[in-house]
Structure formats: C-alpha cells, structure tokens
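File shown: query_14.cif (mmCIF, C-alpha atoms).
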```cif
data_my_file
#
loop_
_atom_site.label_atom_id
_atom_site.label_comp_id
_atom_site.auth_asym_id
_atom_site.auth_seq_id
_atom_site.Cartn_x
_atom_site.Cartn_y
_atom_site.Cartn_z
CA MET G 68 -11.91 -8.04 51.97
CA ARG G 69 -13.50 -4.67 52.47
CA LYS G 70 -14.85 -5.78 55.84
CA LEU G 71 -11.39 -6.94 56.80
CA VAL G 72 -9.87 -3.58 55.93
CA ILE G 73 -12.59 -1.78 57.87
CA ARG G 74 -11.99 -4.02 60.88
CA ILE G 75 -8.23 -3.43 60.77
CA VAL G 76 -8.70 0.33 60.45
CA SER G 77 -11.27 0.25 63.26
CA LEU G 78 -8.92 -1.68 65.48
CA PHE G 79 -6.11 0.73 64.67
CA LEU G 80 -8.34 3.69 65.54
CA ILE G 81 -9.46 2.07 68.74
CA PHE G 82 -5.86 1.33 69.75
CA SER G 83 -4.81 4.79 68.69
CA LEU G 84 -7.04 6.17 71.43
CA PHE G 85 -4.65 4.62 73.94
CA ILE G 86 -1.51 5.88 72.26
CA PRO G 87 -1.66 9.50 73.64
CA THR G 88 -2.25 8.08 77.10
CA THR G 89 0.81 5.89 76.77
CA PHE G 90 2.97 8.73 75.50
CA ALA G 91 1.61 11.04 78.15
CA ALA G 92 2.61 8.56 80.81
CA THR G 93 6.14 8.22 79.53
CA PRO G 94 7.28 11.81 80.18
CA GLU G 95 5.88 11.59 83.69
CA THR G 96 8.05 8.64 84.56
CA VAL G 97 11.25 9.83 82.92
CA ALA G 98 10.61 13.57 82.95
CA PRO G 99 13.49 15.73 84.06
CA THR G 100 13.06 16.05 87.77
CA ALA G 101 14.31 19.41 88.88
CA SER G 102 15.87 19.66 92.28
CA ASN G 103 16.40 22.47 94.74
CA TYR G 104 19.49 20.70 96.04
CA ILE G 105 21.10 18.68 93.24
CA GLY G 106 22.72 20.43 90.29
CA MET G 107 25.00 17.90 88.62
CA TYR G 108 26.10 14.38 89.38
CA GLY G 109 27.84 11.48 87.68
CA GLY G 110 30.30 8.67 87.91
CA TYR G 111 32.77 6.49 86.09
CA LEU G 112 35.26 3.67 86.56
CA THR G 113 39.01 4.06 86.22
CA ARG G 114 40.89 0.84 85.54
CA THR G 115 43.72 -0.24 87.81
CA SER G 116 45.98 -3.28 87.55
CA ASP G 117 43.54 -5.53 89.41
CA GLY G 118 40.21 -3.75 89.27
CA TYR G 119 38.67 -0.32 89.14
CA ILE G 120 38.40 2.90 91.07
CA VAL G 121 34.75 3.89 91.19
CA THR G 122 34.37 7.65 91.13
CA ALA G 123 31.05 9.26 92.03
CA HIS G 124 30.61 13.02 92.18
CA ILE G 125 27.78 15.37 92.98
CA THR G 126 27.49 19.15 92.86
CA GLY G 127 24.62 20.91 94.57
CA THR G 128 22.67 23.93 93.44
CA HIS G 129 24.27 25.73 96.37
CA THR G 130 25.98 24.89 99.65
CA VAL G 131 23.73 22.35 101.32
CA GLY G 132 23.60 20.75 104.74
CA LEU G 133 24.39 17.22 103.56
CA ILE G 134 25.71 16.10 100.19
CA GLY G 135 27.36 12.95 98.94
CA VAL G 136 27.00 9.39 97.80
CA VAL G 137 24.57 7.17 99.64
CA ARG G 138 25.45 3.86 98.03
CA VAL G 139 27.79 2.42 95.42
CA THR G 140 27.45 -1.13 94.15
CA VAL G 141 29.84 -2.69 91.66
CA GLN G 142 28.16 -5.20 89.37
CA GLU G 143 29.71 -7.90 87.25
CA SER G 144 28.53 -9.65 84.12
CA ALA G 145 30.04 -12.26 81.86
CA ASN G 146 28.61 -10.79 78.66
CA GLY G 147 28.02 -7.14 79.56
CA THR G 148 24.31 -7.17 78.75
CA SER G 149 22.59 -9.48 81.21
CA GLY G 150 23.18 -11.53 84.32
CA TRP G 151 24.50 -8.65 86.37
CA SER G 152 25.41 -9.59 89.91
CA ASP G 153 26.55 -7.41 92.80
CA VAL G 154 30.18 -7.99 93.72
CA LYS G 155 30.92 -5.16 96.11
CA SER G 156 28.94 -2.44 97.88
CA TRP G 157 29.71 0.64 99.92
CA ILE G 158 27.03 2.31 102.03
CA ALA G 159 27.36 5.77 103.54
CA ALA G 160 26.02 4.51 106.86
CA TYR G 161 29.21 2.46 107.25
CA ASN G 162 31.50 4.83 105.35
CA PRO G 163 30.93 8.35 106.71
CA SER G 164 33.45 9.86 104.28
CA MET G 165 30.96 9.21 101.48
CA MET G 166 28.89 12.14 102.74
CA GLN G 167 29.93 15.71 103.40
CA GLU G 168 28.24 18.29 105.61
CA ASP G 169 27.83 21.96 104.70
CA SER G 170 29.35 21.68 101.26
CA ALA G 171 28.45 22.49 97.66
CA SER G 172 29.94 19.31 96.21
CA HIS G 173 31.47 15.99 97.05
CA VAL G 174 33.60 13.37 95.32
CA VAL G 175 33.98 9.74 96.36
CA ASN G 176 36.69 7.43 95.03
CA LEU G 177 36.30 3.76 95.97
CA THR G 178 38.62 0.93 95.06
CA PHE G 179 37.44 -2.41 93.75
CA ASP G 180 40.39 -4.74 93.23
CA LYS G 181 38.93 -8.14 92.38
CA ALA G 182 38.02 -7.78 88.72
CA LYS G 183 38.11 -10.89 86.56
CA SER G 184 39.72 -10.82 83.18
CA GLY G 185 37.18 -10.73 80.34
CA TYR G 186 34.26 -9.77 82.56
CA TYR G 187 32.21 -6.61 82.31
CA TYR G 188 31.70 -4.16 85.15
CA ARG G 189 29.50 -1.21 85.99
CA ALA G 190 28.50 0.59 89.15
CA TYR G 191 25.09 1.50 90.50
CA ILE G 192 25.34 4.83 92.31
CA GLN G 193 22.90 6.69 94.54
CA VAL G 194 23.63 10.32 95.38
CA TRP G 195 21.99 12.63 97.87
CA ALA G 196 21.86 16.38 98.49
CA GLY G 197 19.68 18.09 101.03
CA GLU G 198 19.35 19.93 104.26
CA ASP G 199 19.84 16.76 106.28
CA THR G 200 19.17 13.02 106.04
CA MET G 201 15.41 13.58 105.81
CA ASN G 202 14.93 16.68 103.66
CA GLY G 203 16.63 16.44 100.30
CA ASP G 204 16.73 14.72 96.94
CA GLN G 205 18.17 11.40 95.89
CA ARG G 206 19.14 10.27 92.40
CA SER G 207 20.30 6.88 91.13
CA PHE G 208 22.14 5.93 87.97
CA TYR G 209 24.38 3.32 86.39
CA THR G 210 27.84 4.09 85.08
CA SER G 211 28.88 2.98 81.62
CA VAL G 212 29.90 -0.64 81.17
CA TYR G 213 33.62 -1.42 81.16
CA ARG G 214 35.30 -4.63 80.09
CA PHE G 215 38.22 -5.70 82.23
CA PRO G 216 41.00 -6.93 79.90
CA MET T 56 76.24 21.15 183.49
CA GLU T 57 75.78 24.90 183.40
CA ASN T 58 76.84 24.90 179.76
CA ASN T 59 74.34 22.18 178.94
CA LEU T 60 71.57 24.12 180.58
CA ARG T 61 72.57 27.23 178.65
CA ILE T 62 72.58 25.26 175.37
CA GLU T 63 69.15 23.89 176.19
CA MET T 64 67.91 27.42 176.75
CA LEU T 65 69.44 28.52 173.47
CA ARG T 66 67.71 25.64 171.75
CA GLN T 67 64.41 26.99 173.09
CA MET T 68 65.06 30.32 171.34
CA THR T 69 64.08 31.02 167.76
CA THR T 70 66.65 31.23 165.01
CA SER T 71 66.07 34.96 164.58
CA GLN T 72 66.70 35.48 168.30
CA LEU T 73 69.95 33.51 168.02
CA GLN T 74 70.97 35.51 165.00
CA ALA T 75 70.26 38.72 166.95
CA LEU T 76 72.62 37.48 169.67
CA ILE T 77 75.34 36.92 167.07
CA ARG T 78 74.76 40.39 165.69
CA ASP T 79 75.07 41.85 169.21
CA ASP T 80 78.32 39.95 169.62
CA PHE T 81 79.56 41.37 166.30
CA ASP T 82 78.61 44.91 167.42
CA CYS T 83 80.44 44.40 170.71
CA TYR T 84 83.51 43.24 168.82
CA GLN T 85 83.43 46.29 166.56
CA LYS T 86 83.01 48.61 169.55
CA GLY T 87 85.92 46.87 171.28
CA ILE T 88 83.76 45.59 174.13
CA ASP T 89 84.90 42.23 175.49
CA ASN T 90 82.37 39.41 175.05
CA ASP T 91 81.81 35.80 176.09
CA GLN T 92 83.52 33.66 173.43
CA GLU T 93 82.09 30.47 174.92
CA PHE T 94 78.53 31.78 174.70
CA VAL T 95 79.02 32.81 171.05
CA LYS T 96 80.33 29.31 170.29
CA GLU T 97 77.25 27.78 171.88
CA VAL T 98 74.92 30.04 169.93
CA LEU T 99 76.71 29.16 166.71
CA GLU T 100 76.58 25.49 167.64
CA VAL T 101 72.79 25.66 168.09
CA LEU T 102 72.42 27.52 164.82
CA ALA T 103 74.65 24.98 163.11
CA GLU T 104 72.54 22.17 164.53
CA ARG T 105 69.45 23.73 163.01
CA ASN T 106 71.10 24.20 159.64
CA THR T 107 72.43 20.67 159.53
CA ASN T 108 69.58 18.70 161.07
CA LYS T 109 69.23 16.68 157.85
CA LEU T 110 72.85 15.56 157.85
CA THR T 111 74.30 12.48 159.48
CA LYS T 112 75.90 12.69 162.89
CA GLU T 113 79.40 12.68 161.45
CA GLN T 114 78.52 15.31 158.90
CA LYS T 115 76.89 17.35 161.63
CA ALA T 116 80.01 17.15 163.77
CA GLU T 117 82.16 18.19 160.82
CA LYS T 118 79.85 21.03 159.96
CA ILE T 119 79.71 22.28 163.55
CA ALA T 120 83.48 22.07 163.85
CA GLU T 121 83.85 23.94 160.58
CA ILE T 122 81.48 26.70 161.69
CA ILE T 123 83.13 27.01 165.07
CA ALA T 124 86.57 27.17 163.44
CA HIS T 125 85.33 29.98 161.23
CA ALA T 126 83.69 31.69 164.19
CA GLU T 127 86.97 31.71 166.05
CA GLN T 128 88.38 33.79 163.22
CA ARG T 129 85.65 36.39 164.00
CA PRO T 130 82.35 36.90 162.25
CA MET T 131 83.62 39.17 159.47
CA ASN T 132 85.78 36.38 158.11
CA VAL T 133 82.95 33.90 158.26
CA ALA T 134 80.20 35.94 156.77
CA ALA T 135 81.50 36.43 153.25
CA PRO T 136 82.36 32.82 152.27
CA SER T 137 79.25 31.52 154.01
CA ILE T 138 76.92 33.73 152.00
CA GLN T 139 78.80 33.02 148.79
CA LYS T 140 78.48 29.27 149.33
CA LYS T 141 74.78 29.55 150.10
CA SER T 142 74.10 31.57 146.96
CA THR T 143 76.10 29.09 144.85
CA VAL T 144 74.06 26.19 146.17
CA SER T 145 70.72 27.88 145.54
CA LEU T 146 71.72 28.87 141.99
CA SER T 147 72.67 25.30 141.16
CA LYS T 148 69.40 24.13 142.69
CA VAL T 149 67.48 26.58 140.55
CA ILE T 150 69.33 25.42 137.42
CA TYR T 151 68.73 21.81 138.38
CA ARG T 152 65.01 22.45 138.97
CA ARG T 153 64.63 24.30 135.68
CA PHE T 154 66.53 21.63 133.83
CA SER T 155 64.25 19.00 135.38
CA ARG T 156 61.18 20.92 134.25
CA ILE T 157 62.52 21.41 130.73
CA ALA T 158 63.46 17.72 130.56
CA ALA T 159 59.97 16.77 131.77
CA ILE T 160 58.33 19.00 129.13
CA ILE T 161 60.54 17.50 126.38
CA CYS T 162 59.60 13.99 127.57
CA VAL T 163 55.88 14.84 127.51
CA VAL T 164 56.17 16.34 124.00
CA LEU T 165 58.11 13.33 122.70
CA LEU T 166 55.63 10.94 124.29
CA THR T 167 52.72 12.84 122.74
CA PHE T 168 54.33 12.67 119.32
CA ALA T 169 55.08 8.97 119.79
CA ILE T 170 51.38 8.34 120.42
CA VAL T 171 49.96 10.75 117.86
CA ILE T 172 52.54 10.39 115.05
CA PRO T 173 50.84 7.43 113.31
CA SER T 174 47.87 9.70 112.51
CA VAL T 175 49.22 13.23 112.61
CA GLY T 176 52.50 14.63 111.48
CA PHE T 177 54.27 17.48 109.86
CA ALA T 178 57.40 18.16 107.93
CA VAL T 179 59.10 21.22 106.60
CA GLY T 180 60.31 21.20 103.04
CA PRO T 181 61.79 23.93 100.89
CA GLU T 182 59.33 26.80 101.00
CA ARG T 183 56.54 24.63 102.26
CA PHE T 184 55.07 23.14 105.39
CA ILE T 185 53.47 19.74 105.05
CA GLN T 186 50.91 18.58 107.55
CA TRP T 187 48.93 15.38 107.54
CA THR T 188 46.23 13.60 109.48
CA ASP T 189 44.32 10.40 108.77
CA ASP T 190 42.04 12.28 106.39
CA THR T 191 43.95 15.17 104.91
CA LEU T 192 47.37 16.15 103.63
CA SER T 193 47.99 19.89 103.59
CA PHE T 194 50.77 21.78 101.87
CA ILE T 195 51.25 25.26 103.23
CA PHE T 196 53.56 27.28 101.02
CA PHE T 197 55.46 30.17 102.47
CA GLY T 198 57.31 31.44 99.46
CA THR T 199 57.80 35.06 98.57
CA GLN T 200 54.57 36.99 98.62
CA SER T 201 53.31 39.13 95.82
CA ASP T 202 53.43 42.86 96.40
CA GLU T 203 49.98 43.10 94.87
CA PRO T 204 47.35 43.44 97.61
CA ILE T 205 44.62 40.81 97.73
CA THR T 206 41.25 42.29 96.94
CA ASN T 207 37.95 40.52 96.65
CA ASP T 208 36.73 42.18 93.48
CA PRO T 209 35.35 40.11 90.57
CA CYS T 210 38.54 40.30 88.52
CA SER T 211 40.89 39.17 91.27
CA SER T 212 38.40 36.49 92.40
CA TRP T 213 38.22 35.00 88.92
CA ARG T 214 41.98 35.39 88.50
CA TYR T 215 42.50 33.34 91.63
CA VAL T 216 40.09 30.69 90.32
CA ARG T 217 41.94 30.71 87.00
CA GLU T 218 45.33 30.17 88.68
CA LEU T 219 43.99 27.10 90.47
CA ALA T 220 42.10 25.87 87.40
CA GLU T 221 45.30 26.00 85.36
CA THR T 222 46.75 23.40 87.69
CA ILE T 223 43.81 21.11 86.83
CA THR T 224 43.22 21.62 83.13
CA ASP T 225 44.89 23.29 80.17
CA GLU T 226 43.60 26.66 79.01
CA PRO T 227 40.58 26.80 81.31
CA LEU T 228 37.60 28.89 80.21
CA ILE T 229 37.13 31.16 83.19
CA PRO T 230 34.70 34.09 83.29
CA GLN T 231 35.83 37.54 84.38
CA TRP T 232 32.59 39.09 85.53
CA LEU T 233 30.30 38.54 88.50
CA PRO T 234 26.80 39.84 89.15
CA GLU T 235 26.66 42.92 91.39
CA GLY T 236 27.44 42.17 95.01
CA TYR T 237 28.87 38.68 94.57
CA LEU T 238 32.19 37.93 96.24
CA LEU T 239 34.39 34.85 96.26
CA ASP T 240 33.54 32.78 99.32
CA ASN T 241 35.28 29.44 98.96
CA ILE T 242 37.30 27.30 96.57
CA ASN T 243 37.25 23.57 97.12
CA ILE T 244 39.55 21.19 95.26
CA GLN T 245 38.60 17.53 95.42
CA PRO T 246 40.70 14.57 94.27
CA LEU T 247 39.77 12.43 91.28
CA PRO T 248 41.70 9.30 90.27
CA GLN T 249 43.70 11.05 87.56
CA SER T 250 43.05 14.70 88.25
CA LYS T 251 41.20 17.10 90.54
CA LYS T 252 37.86 18.82 90.61
CA LEU T 253 37.47 22.49 91.50
CA VAL T 254 34.35 24.06 92.95
CA ALA T 255 34.28 27.81 93.65
CA THR T 256 31.39 29.47 95.44
CA PHE T 257 30.55 33.16 95.31
CA ILE T 258 28.02 34.70 97.67
CA CYS T 259 25.85 37.78 97.75
CA GLY T 260 23.83 37.83 100.95
CA ASN T 261 21.94 34.54 101.01
CA ASN T 262 22.38 33.93 97.28
CA GLU T 263 25.13 31.75 95.97
CA LEU T 264 26.78 31.32 92.59
CA LEU T 265 28.55 28.05 92.06
CA PHE T 266 31.28 27.31 89.52
CA ASP T 267 32.46 23.74 88.95
CA ILE T 268 35.33 22.51 86.76
CA ARG T 269 35.94 18.82 86.29
CA PRO T 270 38.53 17.42 83.89
CA PHE T 271 36.77 15.29 81.35
CA LYS T 272 37.56 11.61 81.21
CA THR T 273 38.22 10.42 77.69
CA GLU T 274 36.62 7.04 78.37
CA SER T 275 32.86 7.01 78.66
CA GLU T 276 31.39 8.44 81.78
CA VAL T 277 27.96 9.43 83.00
CA CYS T 278 27.27 13.06 83.88
CA LEU T 279 23.71 14.17 84.60
CA LEU T 280 22.34 17.66 85.14
CA GLU T 281 19.11 18.53 86.89
CA LYS T 282 16.67 20.79 85.04
CA ASP T 283 13.01 21.66 85.14
CA ILE T 284 10.53 21.32 82.28
CA SER T 285 11.49 24.55 80.56
CA THR T 286 13.54 24.12 77.40
CA ALA T 287 17.28 24.37 77.50
CA GLU T 288 18.80 27.12 75.39
CA THR T 289 22.09 27.24 73.62
CA PHE T 290 24.43 30.16 73.44
CA SER T 291 27.24 29.86 70.93
CA THR T 292 30.33 31.81 70.14
CA SER T 293 32.75 31.04 67.35
CA GLU T 294 34.73 28.92 69.78
CA GLN T 295 32.28 27.42 72.22
CA THR T 296 28.68 26.33 72.75
CA PHE T 297 27.02 26.88 76.10
CA PHE T 298 23.84 25.17 77.29
CA LEU T 299 21.62 27.25 79.55
CA PHE T 300 18.69 25.84 81.48
CA SER T 301 16.73 26.41 84.63
CA ASN T 302 16.46 24.13 87.63
CA ASN T 303 13.58 25.45 89.70
CA ASN T 304 14.87 28.72 91.14
CA TYR T 305 18.38 28.22 89.82
CA TYR T 306 19.77 29.10 86.42
CA SER T 307 22.54 26.88 85.20
CA CYS T 308 24.97 26.77 82.33
CA VAL T 309 27.16 23.91 81.24
CA TRP T 310 29.87 23.79 78.62
CA GLN T 311 32.51 21.32 77.65
CA THR T 312 35.95 21.70 76.16
CA LYS T 313 38.24 18.92 74.98
CA THR T 314 39.61 18.53 78.47
CA ALA T 315 36.99 19.61 81.01
CA ILE T 316 33.32 20.07 81.86
CA TYR T 317 32.29 23.43 83.31
CA TYR T 318 29.14 24.00 85.33
CA LEU T 319 27.81 27.34 86.51
CA SER T 320 24.69 27.62 88.64
CA GLY T 321 23.15 30.28 90.77
CA GLU T 322 20.01 31.83 92.11
CA CYS T 323 20.39 34.78 89.80
CA SER T 324 18.73 35.92 86.59
CA PHE T 325 19.15 34.37 83.18
CA GLU T 326 20.78 37.61 81.96
CA GLU T 327 23.31 37.56 84.78
CA ILE T 328 24.29 33.97 83.96
CA THR T 329 24.61 34.95 80.29
CA ASN T 330 26.76 37.95 81.22
CA VAL T 331 29.04 35.73 83.29
CA ILE T 332 29.70 33.33 80.42
CA THR T 333 30.12 36.07 77.81
CA SER T 334 32.80 37.60 80.02
CA ILE T 335 34.96 34.53 79.31
CA PHE T 336 35.97 35.95 75.93
CA LYS T 337 36.34 39.61 76.94
#
```
So, in terms of structure tokens, how does the structure I just supplied come out?
Amino acid sequence: MRKLVIRIVSLFLIFSLFIPTTFAATPETVAPTASNYIGMYGGYLTRTSDGYIVTAHITGTHTVGLIGVVRVTVQESANGTSGWSDVKSWIAAYNPSMMQEDSASHVVNLTFDKAKSGYYYRAYIQVWAGEDTMNGDQRSFYTSVYRFP
Amino acid sequence: MENNLRIEMLRQMTTSQLQALIRDDFDCYQKGIDNDQEFVKEVLEVLAERNTNKLTKEQKAEKIAEIIAHAEQRPMNVAAPSIQKKSTVSLSKVIYRRFSRIAAIICVVLLTFAIVIPSVGFAVGPERFIQWTDDTLSFIFFGTQSDEPITNDPCSSWRYVRELAETITDEPLIPQWLPEGYLLDNINIQPLPQSKKLVATFICGNNELLFDIRPFKTESEVCLLEKDISTAETFSTSEQTFFLFSNNNYYSCVWQTKTAIYYLSGECSFEEITNVITSIFK
C-alpha cells in the first residue's frame, strides 16, 4: 500500500514537471497579439426574413493603406455545436468593396438569404489592416451562433 | 454684240471694281452729270448675277429684273431697302445658327444623361441636394447657415463629433479635450444594418488620434481589441468604467454604455488618453 502511494506520488511529481511547460505553451498560442495596424474588429449576424446580414467591422490603430475584410464564410449546422458546413463565402479578391484604401476603419454588410428554419448559423471572418496587401496584420474569428426560427 | 462684249468685260472685273463703277455713277448723278444708263444696268446685272449664282435660272431672272427695276429708280432708292433686307437675313441666320447650337448642346446633354442616369443621378429636395452613384448616396444640405464661425479648436471639433454622434446613439459620451496640437481631420460614418458607425480622426503632425463609436447590438456579437502583454487598467467614475490598455506604440481606451461601444486610440501618452476621457464629464 505504501509502495503504491509512493508510486502514485512519484508519478504525479514526474508529470508535474511537464505542467509548467504545458501552461507556458498555452499563453504563447493564445496570447494577445498586439498589432501596429489593427485596433478593434468584430462581427455579428442580423436576422432578415429569409436569412441574415453578416456585418464585419474593423478599426485600425490609425489611418492605414489597406483595411477591410478578406473573407467571410457563413456556416450552417443542424444542432449548433458540430457538423458545421460552409454555405456561402465572400472573398475580397472578387468583392473589392470589402477592402478600403487609406482609411482608419471599414464596415462590410453581406446578405445571406437562404437560411433554413431551425438551423444554426455563424460566420467565419478574416480581417486585414496594413500598409498594402503584403505588409499588415490579419485576424480571424467566428461570430456568435444564431438559430434561424 | 457690242453690249455682250461689254458685259463679258464687266464679268472679268472684280466685284469691288464693279461697285466702284456704281459709286462713280451715283456721284455723277449727284453732281448732275449725265451718265450711261445702259452701262449702269449692265454693271448691276453682272453684280446681280454674282449675288444670285446659287439661285435657279427663273429666280435669277426675277432677281435681276427686281434689281434693275430698283436701279431705274436711282441708287438712293435702292440702297436703303437692300441693306435692310440683307441685315434682316443675316440676323435670322445668326439666330438660326445659335438655336441649332443650343439645340445640339441640349441633345448631347440629354443623351449623356440617358446613358449615365442608371448609375448616376441627382435630385433637389427641400433644402437639400441628393446625388447618387452606384456606390454612394450623398445628401448635401443647404439650409440656413449658423452665424457662428467654424473653428478647428478642440471644443468645436468635439462638438461637431457630438452632433453627428447624437444622430447615431442617445446621449453619447463625447470628450471635450484634445492633446496639444491635435486637430479634427476627418469624420467617417459607415452604415450598419440597423444603425451607423462613426469614426473621427484627429491629427497632430504624423500622429493620429482615433475615436470610434458603434451602436451596440443587443443580441450577442463578437468585438475584439488588440493589446500587448501589459496589463489593462480600469478607470472608473461614478457613472462609467473605462478600460485602458496599450497596443504596441498605441494607447487605447474602450468603454461601453447601454447603447454603444466607444473606442479611443492614439500614438500619444497614457496621461493624454486619460485626460481625454476625463474631459467627458467636465
């Protein structure tokens, strides 16, 4: 019994050696990533009669050469927790109005009008702010999940 | 035969020479000297031919006969109506030409509008001018102007921001102070599905202070703010809590009321940002 306790404690101590490493790694991956170009950004869905308006906004730290939304993808799920599938996408390369030159902020409103009753929806949004298409920062996030009535 | 030869000779002469002959004839008449009526008729006939060379033969004959008939009544009687008629014709020609040009310009303008109107247009409403393109719709108001001169001092800059913010959200929390040297540069209002977002930028040399107001959506929404590893600080008054944090070289402050999210960011000191937000309640 005593040996068993010692072994368990030993194992715990051995594993505990790895715990700081694990915790140290976590802040590195999700640490706040400051940006010289991006100040604030976000997005949400506004329900319409047959779908949603996806709104994505970004505000720079100052007036930058290029600011806007690189990509918006609307995703659909039957239960709101898993099985998300892309149902519609907008890419700045094909929608130039998603980006703005020489501006401190930009807002994009995109209409998705094929929502199914009872399904859950969210949007995956990528924003960009920088001097041009090469020098800048990009951030990605998901909006909240909305159930279409 | 002799007459024909003389007419041929007259035809060889220039119009000014023929006109000089007529003038000589008129001088002779005034001085009472007898002159050759037949010769004058021939000169007038040649002149008439030149003036009417674009008319038909019948018209020419009528014109020549008309001129000769007038000539027989002596030059003084002919001169006045002839000049009057000529001036009348040229005036009508001028009017006609101008009218043609004006009509052509109107046609071009109408045609341009017919082509461009699907994408560009304008309308004038009461106290406003509305202009639209494929991308923008602009309202230009031309109501009565305030007697107060526009100045770009901190108070009037923030007052202008406040006036616009009041159209977006109720009782906006707008500062009244700016760091030394900062002036209002630009105010940008962007459309949201149920409201509008306002972004004002103030500049001081190469530095910029940015103020963002966005009406808050009651349903859940994601709003993320960039910051560096330094700890965010809070600054509270009895009415409001402000969150201050740094983002590399930029100091930022964010606060939220029941109706809107406010974001202030600039490449200025922490104290200056604090002074800006404390000026809200002064």
Query raised in the report: Using only C-alpha atoms, which of G:Thr200, G:Gln193, G:Ser116, G:Thr128 sits nearest chain T?
Result: G:Thr128
**Report entry** Residue hits in chain T, query chain G, radius 10 Å, all atoms listed in the file, as a PyMOL selection string
**Finding:** chain T and resi 190+241+243-249+251-258+262-267+269+272+274-285+301-307+309+318-322
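Going from CA of Phe300 (chain T) over to CA of Thr333 (chain T), you cover 15.8 Å.
Distances from T:Ile62, T:Tyr237, T:Ile242, T:Ile328 to Arg217 (chain T) were compared using only C-alpha atoms, and the smallest one belongs to T:Ile242.
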Requested in this report: Tell me, in Å to one decimal, how far CA of Leu233 (chain T) is from CA of Cys323 (chain T).
Outcome: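 Spanning CA of Leu233 (chain T) to CA of Cys323 (chain T) is a straight-line distance of 10.7 Å.
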Query raised in the report: So, counting all atoms listed in the file, which residue among T:Arg61, T:Lys337, T:Arg78, T:Arg156 is closest to Ile229 (chain T)?
Result: T:Lys337
For region 138-144 of chain G, take all atoms listed in the file, fit an axis-aligned box around them, add 5 Å to each of the six sides, then output centre and edge lengths in Å rounded to one decimal, as lines of an AutoDock Vina configuration file.
```
center_x = 27.6
center_y = -2.9
center_z = 91.1
size_x = 14.4
size_y = 23.5
size_z = 23.9
```
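Between CA of Ile223 (chain T) and CA of Ile335 (chain T) lies a distance of 17.7 Å.
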Query raised in the report: Could you pull the residues within 7 Å of Val137 (chain G), counting only C-alpha atoms, minus those fewer than 2 positions along the same chain, as a list of chain:residue names?
Result: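 Contacts, in chain order: G:Gly135, G:Ile158, G:Ala159, G:Met165, G:Gln193, G:Val194, G:Trp195.
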Report task. Run the PyMOL selection byres ((chain G and resi 169) around 7) mentally over the shown coordinates, then write out the matched residues as a PyMOL selection string, using the chain letters and numbers from the document. Result -> chain G and resi 130-133+167-168+170
Could you give me, as a short mmCIF file (atom, residue, chain, number, x, y, z; two decimals) with C-alpha atoms, keeping the file's coordinate frame, the residues within 10 Å of region 147-154 of chain G, counting only C-alpha atoms and dropping anything in the same chain fewer than 2 positions from it?
```cif
data_model
loop_
_atom_site.label_atom_id
_atom_site.label_comp_id
_atom_site.auth_asym_id
_atom_site.auth_seq_id
_atom_site.Cartn_x
_atom_site.Cartn_y
_atom_site.Cartn_z
CA THR G 140 27.45 -1.13 94.15
CA VAL G 141 29.84 -2.69 91.66
CA GLN G 142 28.16 -5.20 89.37
CA GLU G 143 29.71 -7.90 87.25
CA SER G 144 28.53 -9.65 84.12
CA ALA G 145 30.04 -12.26 81.86
CA SER G 156 28.94 -2.44 97.88
CA PHE G 179 37.44 -2.41 93.75
CA LYS G 181 38.93 -8.14 92.38
CA ALA G 182 38.02 -7.78 88.72
CA GLY G 185 37.18 -10.73 80.34
CA TYR G 186 34.26 -9.77 82.56
CA TYR G 187 32.21 -6.61 82.31
CA TYR G 188 31.70 -4.16 85.15
CA ARG G 189 29.50 -1.21 85.99
CA ALA G 190 28.50 0.59 89.15
CA TYR G 191 25.09 1.50 90.50
CA VAL G 212 29.90 -0.64 81.17
CA TYR G 213 33.62 -1.42 81.16
CA ARG G 214 35.30 -4.63 80.09
#
```
Requested in this report: Take the point (73.6, 39.5, 171.2) in the file's coordinates, draw a sphere of radius 12 Å around it, and report as a VMD selection string every protein, DNA or RNA residue with an atom inside or on it, counting all atoms listed in the file.
Outcome: chain T and resid 65 71 to 84 90 to 92 94 to 95 98 to 99
Requested in this report: Using the chain letters and numbers from the file, give me the residues hit by the PyMOL selection byres ((chain T and resi 210) around 12), as a PyMOL selection string.
Outcome: chain T and resi 205-209+211-217+229-234+237-239+331+334-335+337
Query raised in the report: Hey, which of T:Pro227, T:Phe154, T:Cys259, T:Glu93 ends up closest to Trp310 (chain T)? Count only C-alpha atoms.
Result: T:Pro227
